[in-house]
$ cat model.tsv   # TSV, C-alpha atoms and all ligand atoms
chain	number	residue	atom	x	y	z
A	20	MET	CA	113.22	138.60	28.08
A	21	CYS	CA	112.83	137.16	31.52
A	22	ILE	CA	110.38	137.57	34.31
A	23	ARG	CA	112.77	139.76	36.22
A	24	ASP	CA	112.17	142.58	33.72
A	25	SER	CA	108.45	142.36	34.14
A	26	ILE	CA	108.69	142.54	37.89
A	27	LYS	CA	110.71	145.71	37.67
A	28	SER	CA	108.12	147.51	35.61
A	29	THR	CA	105.57	149.44	37.54
A	30	SER	CA	102.31	147.72	38.27
A	31	LEU	CA	100.39	150.45	36.47
A	32	GLU	CA	101.58	149.08	33.16
A	33	THR	CA	100.50	145.50	33.73
A	34	PRO	CA	97.64	144.39	31.51
A	35	ILE	CA	94.30	144.55	33.24
A	36	ILE	CA	90.91	143.03	32.61
A	37	GLU	CA	88.24	145.71	32.73
A	38	ARG	CA	85.74	145.49	35.55
A	39	GLU	CA	82.83	146.63	33.48
A	40	ASN	CA	80.02	145.72	35.88
A	41	ALA	CA	81.63	147.41	38.84
A	42	GLY	CA	82.37	150.47	36.72
A	43	LYS	CA	78.75	150.64	35.62
A	44	SER	CA	77.35	150.21	39.15
A	45	LEU	CA	79.59	152.99	40.29
A	46	GLU	CA	78.43	155.34	37.55
A	47	GLU	CA	74.84	154.53	38.43
A	48	ALA	CA	75.49	155.28	42.09
A	49	VAL	CA	77.05	158.63	41.25
A	50	GLY	CA	74.27	159.39	38.77
A	51	GLY	CA	71.71	158.64	41.50
A	52	TRP	CA	73.43	160.92	44.02
A	53	ASP	CA	74.60	158.14	46.29
A	54	ARG	CA	77.34	160.10	47.94
A	55	ILE	CA	78.66	157.38	50.19
A	56	ILE	CA	79.48	154.13	48.48
A	57	VAL	CA	81.11	151.07	49.99
A	58	LEU	CA	82.84	148.45	47.86
A	59	THR	CA	83.92	145.24	49.55
A	60	ALA	CA	85.66	142.05	48.45
A	61	PRO	CA	88.06	139.59	50.05
A	62	ILE	CA	91.81	140.02	49.76
A	63	GLY	CA	93.23	139.55	46.27
A	64	TYR	CA	89.99	140.10	44.34
A	65	GLY	CA	91.39	143.17	42.62
A	66	LYS	CA	90.07	146.06	44.69
A	67	THR	CA	93.23	148.13	44.55
A	68	THR	CA	93.65	147.36	40.87
A	69	PHE	CA	90.09	148.54	40.26
A	70	MET	CA	90.76	151.76	42.15
A	71	ASN	CA	93.84	152.43	40.04
A	72	GLN	CA	91.80	151.81	36.91
A	73	LEU	CA	89.22	154.34	38.01
A	74	ARG	CA	91.90	157.00	38.10
A	75	LYS	CA	92.47	156.56	34.40
A	76	LYS	CA	88.93	155.84	33.33
A	77	HIS	CA	86.53	158.57	32.44
A	78	LEU	CA	83.47	158.07	34.64
A	79	LYS	CA	80.23	159.64	33.52
A	80	GLU	CA	79.55	162.90	35.33
A	81	VAL	CA	82.72	162.72	37.40
A	82	GLY	CA	85.05	165.68	36.96
A	83	TYR	CA	87.74	164.72	39.45
A	84	VAL	CA	88.96	161.44	40.89
A	85	VAL	CA	91.27	161.39	43.87
A	86	THR	CA	92.57	158.18	45.44
A	87	PHE	CA	93.97	157.39	48.88
A	88	ASN	CA	96.03	154.28	49.54
A	89	THR	CA	96.65	153.55	53.20
A	90	PHE	CA	95.72	156.21	55.70
A	91	THR	CA	98.59	158.39	56.84
A	92	SER	CA	97.18	161.63	58.23
A	93	ILE	CA	94.35	164.06	57.63
A	94	GLU	CA	96.97	166.64	56.73
A	95	ASN	CA	98.22	164.44	53.89
A	96	MET	CA	94.66	163.83	52.79
A	97	VAL	CA	94.08	167.55	52.53
A	98	GLU	CA	97.18	167.77	50.31
A	99	SER	CA	95.95	164.98	48.05
A	100	PHE	CA	92.56	166.62	47.69
A	101	LYS	CA	94.19	169.89	46.73
A	102	ASN	CA	96.51	168.21	44.25
A	103	ALA	CA	93.51	166.88	42.37
A	104	PHE	CA	92.97	170.38	41.02
A	105	PRO	CA	95.09	171.90	38.28
A	106	ARG	CA	97.68	174.37	39.48
A	107	TRP	CA	95.84	177.46	38.29
A	108	LYS	CA	92.83	176.54	40.38
A	109	ARG	CA	95.01	176.42	43.44
A	110	LEU	CA	96.48	179.90	43.04
A	111	PHE	CA	94.12	181.67	45.38
A	112	GLU	CA	93.95	179.19	48.13
A	113	GLY	CA	91.93	180.94	50.79
A	114	ASN	CA	91.45	179.00	53.99
A	115	THR	CA	92.38	175.34	53.56
A	116	ASP	CA	92.33	174.64	57.26
A	117	GLU	CA	91.30	171.05	58.04
A	118	SER	CA	88.20	172.18	59.87
A	119	ARG	CA	86.97	174.40	57.03
A	120	PHE	CA	88.15	172.21	54.21
A	121	GLY	CA	84.67	171.19	53.07
A	122	GLU	CA	83.84	174.78	52.18
A	123	TYR	CA	87.09	175.17	50.31
A	124	LEU	CA	86.42	171.99	48.37
A	125	ALA	CA	82.86	173.02	47.54
A	126	LYS	CA	84.08	176.33	46.18
A	127	LYS	CA	86.80	174.78	44.04
A	128	LEU	CA	84.50	172.11	42.66
A	129	GLY	CA	81.74	174.47	41.62
A	130	GLY	CA	79.36	172.38	39.56
A	131	SER	CA	81.76	169.46	38.99
A	132	ARG	CA	81.55	166.22	40.90
A	133	MET	CA	84.52	164.70	42.66
A	134	LEU	CA	84.93	161.03	43.48
A	135	ALA	CA	87.26	160.39	46.42
A	136	ILE	CA	88.31	156.75	46.80
A	137	PHE	CA	89.67	155.35	50.05
A	138	ASP	CA	91.42	152.00	49.82
A	139	GLU	CA	91.85	149.74	52.87
A	140	ALA	CA	89.19	151.83	54.57
A	141	GLN	CA	88.68	149.21	57.26
A	142	ASP	CA	91.93	150.51	58.78
A	143	TYR	CA	90.78	154.13	59.02
A	144	PRO	CA	90.55	155.50	62.55
A	145	PRO	CA	87.20	156.94	63.72
A	146	GLU	CA	88.40	160.54	63.68
A	147	VAL	CA	88.93	160.32	59.95
A	148	PHE	CA	85.36	159.24	59.38
A	149	LYS	CA	84.31	162.14	61.54
A	150	TRP	CA	86.31	164.54	59.40
A	151	LEU	CA	84.99	163.02	56.19
A	152	ARG	CA	81.47	163.35	57.51
A	153	ILE	CA	82.04	167.10	57.91
A	154	LEU	CA	83.39	167.27	54.35
A	155	ASN	CA	80.31	165.41	53.21
A	156	ASP	CA	78.09	167.95	54.97
A	157	HIS	CA	79.80	170.94	53.42
A	158	CYS	CA	80.42	169.74	49.95
A	159	ASP	CA	77.42	168.47	48.01
A	160	ASN	CA	79.39	167.44	44.96
A	161	LEU	CA	81.78	165.20	46.81
A	162	PHE	CA	81.23	161.45	46.40
A	163	MET	CA	83.11	158.98	48.56
A	164	LEU	CA	83.92	155.41	47.68
A	165	PHE	CA	85.21	153.36	50.60
A	166	ILE	CA	87.00	150.17	49.55
A	167	GLY	CA	87.86	147.38	51.92
A	168	LEU	CA	87.44	143.88	53.20
A	169	PRO	CA	84.02	142.33	53.83
A	170	GLY	CA	82.65	143.80	57.02
A	171	LEU	CA	83.60	147.33	56.04
A	172	ASP	CA	79.96	147.96	55.11
A	173	ASP	CA	78.91	147.09	58.67
A	174	LYS	CA	81.69	149.17	60.09
A	175	ILE	CA	80.57	152.20	58.13
A	176	ALA	CA	76.93	151.61	58.99
A	177	SER	CA	77.81	151.58	62.69
A	178	GLU	CA	80.43	154.33	62.55
A	179	ALA	CA	78.96	157.09	64.73
A	180	SER	CA	79.81	159.83	62.26
A	181	LEU	CA	78.37	158.17	59.16
A	182	ARG	CA	75.57	156.14	60.67
A	183	ASP	CA	72.73	158.36	59.56
A	184	ARG	CA	74.05	158.50	55.99
A	185	ARG	CA	72.62	155.92	53.66
A	186	ALA	CA	75.53	154.08	52.11
A	187	LYS	CA	75.26	152.27	48.81
A	188	ASN	CA	76.92	148.86	49.03
A	189	MET	CA	78.75	147.30	46.10
A	190	PHE	CA	80.72	144.09	45.72
A	191	LEU	CA	83.56	143.25	43.42
A	192	GLU	CA	82.83	139.97	41.69
A	193	SER	CA	85.32	137.16	41.52
A	194	LEU	CA	86.60	136.47	38.00
A	195	SER	CA	85.64	133.49	35.86
A	196	THR	CA	88.27	130.94	34.91
A	197	GLU	CA	88.04	132.27	31.33
A	198	LYS	CA	88.79	135.80	32.49
A	199	LEU	CA	91.72	134.58	34.54
A	200	ALA	CA	93.03	132.67	31.51
A	201	GLU	CA	92.75	135.92	29.58
A	202	ILE	CA	94.83	137.73	32.23
A	203	LEU	CA	97.42	134.98	32.03
A	204	GLU	CA	97.66	135.24	28.25
A	205	LYS	CA	97.85	139.01	28.30
A	206	ARG	CA	100.60	138.93	30.87
A	207	ILE	CA	102.65	136.44	28.91
A	208	GLN	CA	102.37	138.61	25.83
A	209	TRP	CA	103.19	141.64	27.87
A	210	VAL	CA	106.59	140.21	28.89
A	211	GLY	CA	107.28	139.51	25.22
A	212	GLY	CA	106.09	135.91	25.20
A	213	CYS	CA	104.38	134.26	22.31
A	214	GLY	CA	100.82	132.97	22.63
A	215	ILE	CA	100.53	131.20	25.94
A	216	LYS	CA	103.99	129.63	25.82
A	217	PRO	CA	105.49	128.05	27.94
A	218	PHE	CA	102.00	126.87	28.92
A	219	THR	CA	100.08	124.38	26.85
A	220	GLU	CA	96.38	125.01	26.33
A	221	ASP	CA	95.34	122.68	29.15
A	222	GLY	CA	98.19	123.89	31.36
A	223	ALA	CA	96.94	127.47	31.10
A	224	ARG	CA	93.46	126.30	31.84
A	225	ARG	CA	94.53	124.22	34.84
A	226	LEU	CA	96.47	127.14	36.27
A	227	SER	CA	93.55	129.53	35.81
A	228	ASP	CA	91.29	126.99	37.41
A	229	SER	CA	93.61	126.58	40.39
A	230	ALA	CA	93.12	130.26	41.22
A	231	GLN	CA	89.51	129.59	42.18
A	232	HIS	CA	88.36	132.89	40.71
A	233	VAL	CA	90.77	135.07	42.68
A	234	PRO	CA	93.23	137.07	40.57
A	235	ARG	CA	95.86	137.28	43.28
A	236	LYS	CA	95.78	133.51	43.64
A	237	LEU	CA	96.47	133.25	39.90
A	238	MET	CA	99.61	135.34	40.35
A	239	GLU	CA	100.73	133.33	43.35
A	240	ASN	CA	100.18	129.97	41.75
A	241	GLY	CA	101.73	131.19	38.50
A	242	GLN	CA	104.82	132.20	40.42
A	243	LYS	CA	105.03	128.84	42.17
A	244	VAL	CA	104.70	126.97	38.90
A	245	ILE	CA	107.35	129.07	37.19
A	246	GLU	CA	109.76	128.53	40.05
A	247	TYR	CA	109.16	124.83	40.01
A	248	CYS	CA	109.72	124.69	36.26
A	249	ALA	CA	112.87	126.77	36.46
A	250	LYS	CA	114.32	124.44	39.09
A	251	ASN	CA	113.37	121.33	37.16
A	252	GLU	CA	114.18	122.70	33.72
A	253	ILE	CA	110.71	122.15	32.38
A	254	TYR	CA	109.86	124.21	29.31
A	255	ASP	CA	106.41	122.92	28.40
A	256	ILE	CA	103.93	123.43	31.16
A	257	ASP	CA	100.87	121.23	30.87
A	258	SER	CA	98.21	120.43	33.45
A	259	ARG	CA	100.24	117.60	34.95
A	260	VAL	CA	103.20	119.87	35.50
A	261	ILE	CA	100.90	122.41	37.13
A	262	GLU	CA	99.52	119.81	39.49
A	263	ASN	CA	102.99	118.56	40.40
A	264	ALA	CA	104.24	122.09	40.87
A	265	LEU	CA	101.40	123.20	43.09
A	266	GLY	CA	101.44	119.87	44.89
A	267	SER	CA	105.15	120.15	45.58
A	268	VAL	CA	104.68	123.60	47.06
A	269	ILE	CA	102.14	122.15	49.43
A	270	ASP	CA	104.74	119.59	50.50
A	271	VAL	CA	107.25	122.33	51.10
A	272	GLU	CA	104.77	124.11	53.35
A	273	ILE	CA	104.32	121.02	55.45
A	274	VAL	CA	108.03	120.35	55.79
A	275	GLU	CA	108.60	123.95	56.65
A	276	LYS	CA	106.50	123.68	59.76
A	277	GLN	CA	108.81	120.92	60.97
A	278	ALA	CA	112.08	122.60	60.09
A	279	PRO	CA	111.56	126.34	59.88
A	280	GLU	CA	115.22	127.39	60.07
A	281	ALA	CA	116.42	125.07	57.35
A	282	LEU	CA	113.68	126.01	54.96
A	283	ARG	CA	113.34	129.67	55.61
A	284	ALA	CA	116.25	130.31	53.27
A	285	SER	CA	114.56	128.57	50.37
A	286	GLU	CA	111.13	129.86	51.09
A	287	SER	CA	109.07	130.20	47.96
A	288	VAL	CA	105.55	130.30	49.16
A	289	PHE	CA	104.58	133.90	48.60
A	290	MET	CA	105.09	136.30	45.78
A	291	PRO	CA	105.23	139.94	44.74
A	292	THR	CA	101.96	141.36	43.50
A	293	GLN	CA	103.31	142.17	40.05
A	294	SER	CA	104.84	138.88	39.11
A	295	VAL	CA	103.74	136.97	36.09
A	296	GLY	CA	103.50	133.57	34.53
A	297	GLY	CA	105.80	132.98	31.56
A	298	GLY	CA	109.57	133.28	31.31
A	299	VAL	CA	112.23	131.77	33.50
A	300	ILE	CA	113.52	133.06	36.78
A	301	GLN	CA	117.24	132.93	37.42
A	302	GLY	CA	117.95	131.64	40.90
A	303	GLY	CA	118.50	134.42	43.44
A	304	PHE	CA	120.67	134.05	46.49
A	305	SER	CA	119.60	133.84	50.05
A	306	PHE	CA	120.46	136.90	52.07
A	307	LEU	CA	118.37	135.57	54.93
A	308	SER	CA	121.20	133.45	56.26
A	309	GLU	CA	123.18	136.64	56.91
A	310	LEU	CA	120.54	138.02	59.21
A	311	SER	CA	120.33	137.29	62.92
A	312	PRO	CA	117.79	134.65	63.97
A	313	THR	CA	115.36	137.25	65.28
A	314	GLN	CA	115.71	139.35	62.14
A	315	GLN	CA	114.93	136.19	60.17
A	316	GLU	CA	111.87	135.67	62.32
A	317	ILE	CA	110.75	139.22	61.61
A	318	VAL	CA	111.20	138.77	57.87
A	319	GLY	CA	109.24	135.53	58.18
A	320	LEU	CA	106.37	137.44	59.79
A	321	PHE	CA	106.35	140.00	57.03
A	322	LYS	CA	105.95	137.23	54.50
A	323	GLU	CA	102.71	136.28	56.16
A	324	HIS	CA	101.46	139.78	56.89
A	325	GLU	CA	101.45	142.57	54.36
A	326	SER	CA	102.22	145.16	57.02
A	327	LEU	CA	102.90	145.15	60.74
A	328	SER	CA	103.55	147.65	63.49
A	329	ILE	CA	106.42	147.31	65.97
A	330	PRO	CA	104.11	146.55	68.93
A	331	GLU	CA	102.45	143.80	66.91
A	332	ILE	CA	105.78	142.19	66.06
A	333	SER	CA	106.93	142.43	69.64
A	334	GLN	CA	103.73	140.79	70.77
A	335	ILE	CA	103.86	137.93	68.28
A	336	LEU	CA	107.53	137.19	68.93
A	337	GLU	CA	107.27	137.92	72.64
A	338	LYS	CA	110.25	140.24	72.45
A	339	ASP	CA	110.88	143.57	74.05
A	340	ILE	CA	109.42	146.44	72.06
A	341	ARG	CA	112.68	148.40	72.05
A	342	SER	CA	114.76	145.55	70.77
A	343	VAL	CA	112.22	144.96	67.99
A	344	GLY	CA	112.40	148.68	67.20
A	345	SER	CA	116.16	148.48	66.91
A	346	LEU	CA	116.02	145.38	64.70
A	347	ILE	CA	113.51	147.10	62.41
A	348	ARG	CA	115.90	150.06	62.19
A	349	LYS	CA	118.65	147.68	61.12
A	350	LEU	CA	116.43	145.95	58.58
A	351	ARG	CA	115.57	149.36	57.18
A	352	GLY	CA	119.29	149.91	56.55
A	353	LEU	CA	119.53	152.77	59.04
A	354	ASN	CA	122.51	151.30	60.85
A	355	PRO	CA	125.60	152.07	58.74
A	356	GLN	CA	127.88	149.51	60.46
A	357	GLU	CA	125.40	146.75	59.85
A	358	VAL	CA	124.98	147.79	56.21
A	359	ALA	CA	128.76	147.82	55.71
A	360	ARG	CA	129.16	144.46	57.39
A	361	LYS	CA	126.54	142.74	55.26
A	362	PRO	CA	127.08	143.69	51.63
A	363	ASN	CA	124.91	140.82	50.42
A	364	VAL	CA	121.83	142.02	52.22
A	365	PRO	CA	119.71	144.20	49.91
A	366	TYR	CA	118.98	147.07	52.29
A	367	PRO	CA	116.38	148.29	52.96
A	368	VAL	CA	114.89	144.85	53.60
A	369	VAL	CA	111.98	146.48	55.42
A	370	VAL	CA	110.37	149.82	54.60
A	371	LYS	CA	107.89	152.07	56.32
A	372	SER	CA	104.65	151.54	54.46
A	373	GLY	CA	102.34	154.04	56.11
A	374	LYS	CA	100.29	154.42	59.21
A	375	GLY	CA	97.34	152.46	60.36
A	376	SER	CA	95.11	152.08	63.31
A	377	ARG	CA	96.04	149.04	65.33
A	378	ALA	CA	94.52	148.27	68.69
A	379	GLY	CA	92.85	151.65	68.64
A	380	ARG	CA	96.01	153.65	68.08
A	381	ILE	CA	97.65	155.10	65.01
A	382	GLN	CA	100.95	153.41	64.46
A	383	ASP	CA	103.69	153.29	61.89
A	384	LEU	CA	103.42	150.22	59.72
A	385	TYR	CA	106.26	148.37	58.06
A	386	SER	CA	106.46	145.96	55.12
A	387	LEU	CA	109.05	144.09	53.12
A	388	SER	CA	110.58	146.22	50.38
A	389	ASP	CA	109.53	145.21	46.87
A	390	ASN	CA	113.08	144.19	46.14
A	391	SER	CA	113.52	141.88	49.11
A	392	ARG	CA	110.08	140.41	48.51
A	393	ARG	CA	111.14	139.61	44.97
A	394	LEU	CA	114.49	138.14	46.03
A	395	LEU	CA	112.81	135.99	48.64
A	396	THR	CA	110.39	134.69	46.06
A	397	GLU	CA	113.10	133.85	43.59
A	398	ASN	CA	114.86	131.54	45.98
B	401	LIG	N1	91.16	143.18	36.67
B	401	LIG	C1	92.37	142.62	36.78
B	401	LIG	N2	93.08	142.31	35.66
B	401	LIG	C2	94.31	141.76	35.78
B	401	LIG	N3	94.92	141.48	36.93
B	401	LIG	C3	94.27	141.75	38.07
B	401	LIG	C4	92.97	142.35	38.06
B	401	LIG	N4	92.57	142.53	39.32
B	401	LIG	C5	93.58	142.09	40.10
B	401	LIG	N5	94.60	141.61	39.36
B	401	LIG	C6	95.86	141.08	39.89
B	401	LIG	O1	95.59	140.38	41.09
B	401	LIG	C7	96.46	140.77	42.14
B	401	LIG	C8	95.68	141.24	43.35
B	401	LIG	O2	94.95	142.40	43.05
B	401	LIG	P1	94.71	143.59	44.10
B	401	LIG	O3	94.09	144.70	43.36
B	401	LIG	O4	95.97	143.89	44.85
B	401	LIG	O5	93.67	142.91	45.10
B	401	LIG	P2	93.04	143.46	46.47
B	401	LIG	O6	93.31	144.94	46.54
B	401	LIG	O7	91.59	143.16	46.36
B	401	LIG	O8	93.68	142.69	47.57
B	401	LIG	C9	97.35	141.84	41.56
B	401	LIG	O9	98.61	141.27	41.33
B	401	LIG	C10	96.72	142.27	40.27
B	401	LIG	O10	97.70	142.51	39.32
B	402	MG	MG	94.25	146.07	47.98

$ encode --input "model.tsv" --output "C-alpha cells" --more "lines below"
Ligand SMILES: Nc1ncnc2c1ncn2[C@@H]1O[C@H](COP(=O)(O)OP(=O)(O)O)[C@@H](O)[C@H]1O
Ligand SMILES: [Mg+2]
Amino acid sequence: MCIRDSIKSTSLETPIIERENAGKSLEEAVGGWDRIIVLTAPIGYGKTTFMNQLRKKHLKEVGYVVTFNTFTSIENMVESFKNAFPRWKRLFEGNTDESRFGEYLAKKLGGSRMLAIFDEAQDYPPEVFKWLRILNDHCDNLFMLFIGLPGLDDKIASEASLRDRRAKNMFLESLSTEKLAEILEKRIQWVGGCGIKPFTEDGARRLSDSAQHVPRKLMENGQKVIEYCAKNEIYDIDSRVIENALGSVIDVEIVEKQAPEALRASESVFMPTQSVGGGVIQGGFSFLSELSPTQQEIVGLFKEHESLSIPEISQILEKDIRSVGSLIRKLRGLNPQEVARKPNVPYPVVVKSGKGSRAGRIQDLYSLSDNSRRLLTEN
C-alpha cells in the first residue's frame, strides 16, 4: 500500500480527532438561543474539517445541519437549504422565492432547529449577509455558524445587516503535540501501516512537534519528510532524519528564490490537504516543463494561493487580463489543440473552484486541480 492510494481516497474518510470542546461550546450556544455564532481560527487549524464533522455528528437539539463551502450565489444557497429536507417535505413547495425564503424555511422547520454553517465566511459579499439577516428575522429556529479567519468576528460585528445582532464568538483551539501524534498514528494505520512505522517513537514525536500545534502544518511537514526519505531511500525515520528533511526543504526554498525556473520543476514545498505520513511515494514526472513560461508562473502562483481570480493573476504578473484569461482556459483543458499537443500534461491543471468577493466584486475563482497539486508535490 502506498501513499498514492490514500491521497485518492476522499478526505471524508480520513481519520479525525474529535473536537470535543468546540462541539460542546456549539451545543451550549444553540441551547442558549445564540442564533448567530462566529468561529474563527487561523488557516490550517481544522475549521473545514470541524464543519464536515458537524454534518455527521448528532448535535443536541439540532434537527438539520446544512453546510456551505465557498460562496457561489444566493440561488445556490437556496437550493442547499431546500436539499437539507427529505424529499417528501419538499413536495408542496409553495413560494421559495429568495425574498420570501425565510417564511418558507420557518414553515418547513416547524419546531425543529436548523444549523446552517458557512465556511470561509470572510469572503462573503455584503448582500449575502443582508439576505441572511432577513432569513434570521423570519425564521426563529434557524441558527447560523459563520466560520472564517481571525477578524471575521469584527467583520460580522460591523456588517451593517448583522450589527445589531449579538453574535456569540468561538475559537477553535490549536492541537497539542500529543493530539497531533495521535493523528499521525491514526493516519499511518489508515493507509495500512503498522504502528507508527516508518517513524520511530522519537521521530513521530519530533514531527508532531514541528507542526507547532497546527494540523495542516503536520500534513505539510509529513509530506516533506516522506519525500525526502523516498529520495534518499531512508526507511527508518527518527528525529534526526526529520530535522535533516525539514532543514533540507528550507534550503530548497532559499535556492528557489535564486533560480526559480530551474527549481520550479522539482518544487516540493506544498502539499495536498489529504496527504499522509507513512508509505513511500513513487517519483512523479514534471509536466511543468511542457507549459509555457507564463503558464508556469500561473501554476507557481496557485501553489502559493489556494484560489485566485483572473484579475488578481493579471495584476500580480502584470499581464493583460485577456491573455491571462486565455491561459487559464488552456490550463483548464478547454483548448483541444493544446490538450492534443501536450499528452503529458494532466488536464485540467486548473479548475474553477467557486466564486468569491475580491476587491468588492464577485468573481470566478480558480485553483489547482487535486490531481495536479498531487503530481506537483510528488516531484
Ligand atoms: N481534528 C482533526 N483531526 C485530524 N486531522 C485534522 C483535524 N483537523 C484538521 N486536520 C487536518 O489538517 C488539515 C487542515 O485542516 P482544515 O480543516 O482544512 O483547516 P482550515 O479549514 O482551518 O484551514 C487537513 O489536511 C486535515 O485533514
Ligand atoms: Mg478551511

$ closest_atom_pairs --input "model.tsv" --of "chain A" --to "ligand LIG 401 (chain B)" --cutoff "7 Å" --atoms "all atoms listed in the file" --output "CSV"
residue,atom,partner,partner_atom,distance
A:Thr33,CA,B:LIG401,O10,6.9
A:Pro34,CA,B:LIG401,C2,6.0
A:Ile35,CA,B:LIG401,N2,3.5
A:Ile36,CA,B:LIG401,N2,3.8
A:Glu37,CA,B:LIG401,N1,5.5
A:Arg38,CA,B:LIG401,N1,6.0
A:Ala60,CA,B:LIG401,O7,6.4
A:Pro61,CA,B:LIG401,O7,6.2
A:Ile62,CA,B:LIG401,O8,3.9
A:Gly63,CA,B:LIG401,O8,3.4
A:Tyr64,CA,B:LIG401,O7,4.0
A:Gly65,CA,B:LIG401,O3,3.2
A:Lys66,CA,B:LIG401,O7,3.7
A:Thr67,CA,B:LIG401,O3,3.7
A:Thr68,CA,B:LIG401,O3,3.7
A:Phe69,CA,B:LIG401,O3,6.4
A:Ile202,CA,B:LIG401,C2,5.4
A:Pro234,CA,B:LIG401,O1,4.1
A:Arg235,CA,B:LIG401,C7,3.7
A:Met238,CA,B:LIG401,O9,6.1
A:Thr292,CA,B:LIG401,O9,4.0
A:Gln293,CA,B:LIG401,O9,5.0

$ residues_around --input "model.tsv" --residues "range 41-56 of chain A" --least-positions-apart "4" --cutoff "7 Å" --atoms "all atoms listed in the file" --output "list in words"
Leu78, Lys79, Leu161, Phe162, Met163, Leu164, Phe165, Ala186, Lys187, Asn188 and Leu191 of chain A

$ closest_residue --input "model.tsv" --among "A:Leu265, A:Leu124, A:Leu171, A:Leu310" --to "Leu346 in chain A" --atoms "only C-alpha atoms"
A:Leu310

$ closest_residue --input "model.tsv" --among "A:Thr86, A:Ser180, A:Thr59, A:Asn390" --to "Met133 in chain A" --atoms "only C-alpha atoms"
A:Thr86

$ closest_residue --input "model.tsv" --among "A:Ala200, A:Ala103, A:Leu387, A:Leu73" --to "Glu39 in chain A" --atoms "all atoms listed in the file"
A:Leu73

$ atom_distance --input "model.tsv" --atom1 "CA of Leu154 in chain A" --atom2 "CA of Met189 in chain A"
22.1 Å

$ atom_distance --input "model.tsv" --atom1 "CA of Gly82 in chain A" --atom2 "CA of Leu134 in chain A"
8.0 Å

$ closest_residue --input "model.tsv" --among "A:Arg380, A:Pro169, A:Ser391, A:Ser386" --to "Tyr366 in chain A" --atoms "only C-alpha atoms"
A:Ser391

$ atom_distance --input "model.tsv" --atom1 "CA of Lys371 in chain A" --atom2 "CA of Leu384 in chain A"
5.9 Å

$ closest_residue --input "model.tsv" --among "A:Glu139, A:Asp173, A:Glu331, A:Glu32" --to "ligand MG 402 (chain B)" --atoms "all atoms listed in the file"
A:Glu139

$ residues_around --input "model.tsv" --residues "His157 in chain A" --least-positions-apart "4" --cutoff "7 Å" --atoms "only C-alpha atoms" --output "PyMOL selection string"
chain A and resi 121-122+125+153

$ residues_around --input "model.tsv" --residues "range 227-229 of chain A" --least-positions-apart "5" --cutoff "12 Å" --atoms "all atoms listed in the file" --output "PyMOL selection string"
chain A and resi 194-204+218+220-222+234-241+243-244+258+261-262+264-266+296

$ build_atoms --input "model.tsv" --residues "range 149-164 of chain A" --atoms "N, CA and C atoms" --output "CSV table (one decimal), in the coordinates of the input"
chain,number,residue,atom,x,y,z
A,149,LYS,N,84.9,160.9,61.0
A,149,LYS,CA,84.3,162.1,61.5
A,149,LYS,C,84.6,163.3,60.6
A,150,TRP,N,85.9,163.4,60.3
A,150,TRP,CA,86.3,164.5,59.4
A,150,TRP,C,85.7,164.4,58.0
A,151,LEU,N,85.6,163.2,57.5
A,151,LEU,CA,85.0,163.0,56.2
A,151,LEU,C,83.5,163.3,56.2
A,152,ARG,N,82.9,163.0,57.3
A,152,ARG,CA,81.5,163.4,57.5
A,152,ARG,C,81.3,164.9,57.4
A,153,ILE,N,82.2,165.6,58.0
A,153,ILE,CA,82.0,167.1,57.9
A,153,ILE,C,82.2,167.6,56.5
A,154,LEU,N,83.2,166.9,55.8
A,154,LEU,CA,83.4,167.3,54.4
A,154,LEU,C,82.1,167.0,53.6
A,155,ASN,N,81.5,165.8,53.9
A,155,ASN,CA,80.3,165.4,53.2
A,155,ASN,C,79.2,166.4,53.4
A,156,ASP,N,79.1,167.0,54.7
A,156,ASP,CA,78.1,168.0,55.0
A,156,ASP,C,78.3,169.2,54.2
A,157,HIS,N,79.5,169.6,54.0
A,157,HIS,CA,79.8,170.9,53.4
A,157,HIS,C,79.9,170.9,51.9
A,158,CYS,N,80.1,169.8,51.4
A,158,CYS,CA,80.4,169.7,50.0
A,158,CYS,C,79.5,168.8,49.2
A,159,ASP,N,78.5,169.3,48.6
A,159,ASP,CA,77.4,168.5,48.0
A,159,ASP,C,77.9,167.7,46.8
A,160,ASN,N,78.9,168.1,46.2
A,160,ASN,CA,79.4,167.4,45.0
A,160,ASN,C,80.5,166.4,45.2
A,161,LEU,N,80.7,166.2,46.5
A,161,LEU,CA,81.8,165.2,46.8
A,161,LEU,C,81.2,163.8,47.0
A,162,PHE,N,81.7,162.8,46.3
A,162,PHE,CA,81.2,161.4,46.4
A,162,PHE,C,82.4,160.7,47.0
A,163,MET,N,82.0,159.7,47.9
A,163,MET,CA,83.1,159.0,48.6
A,163,MET,C,82.9,157.5,48.3
A,164,LEU,N,84.0,156.9,47.9
A,164,LEU,CA,83.9,155.4,47.7
A,164,LEU,C,84.9,154.8,48.7
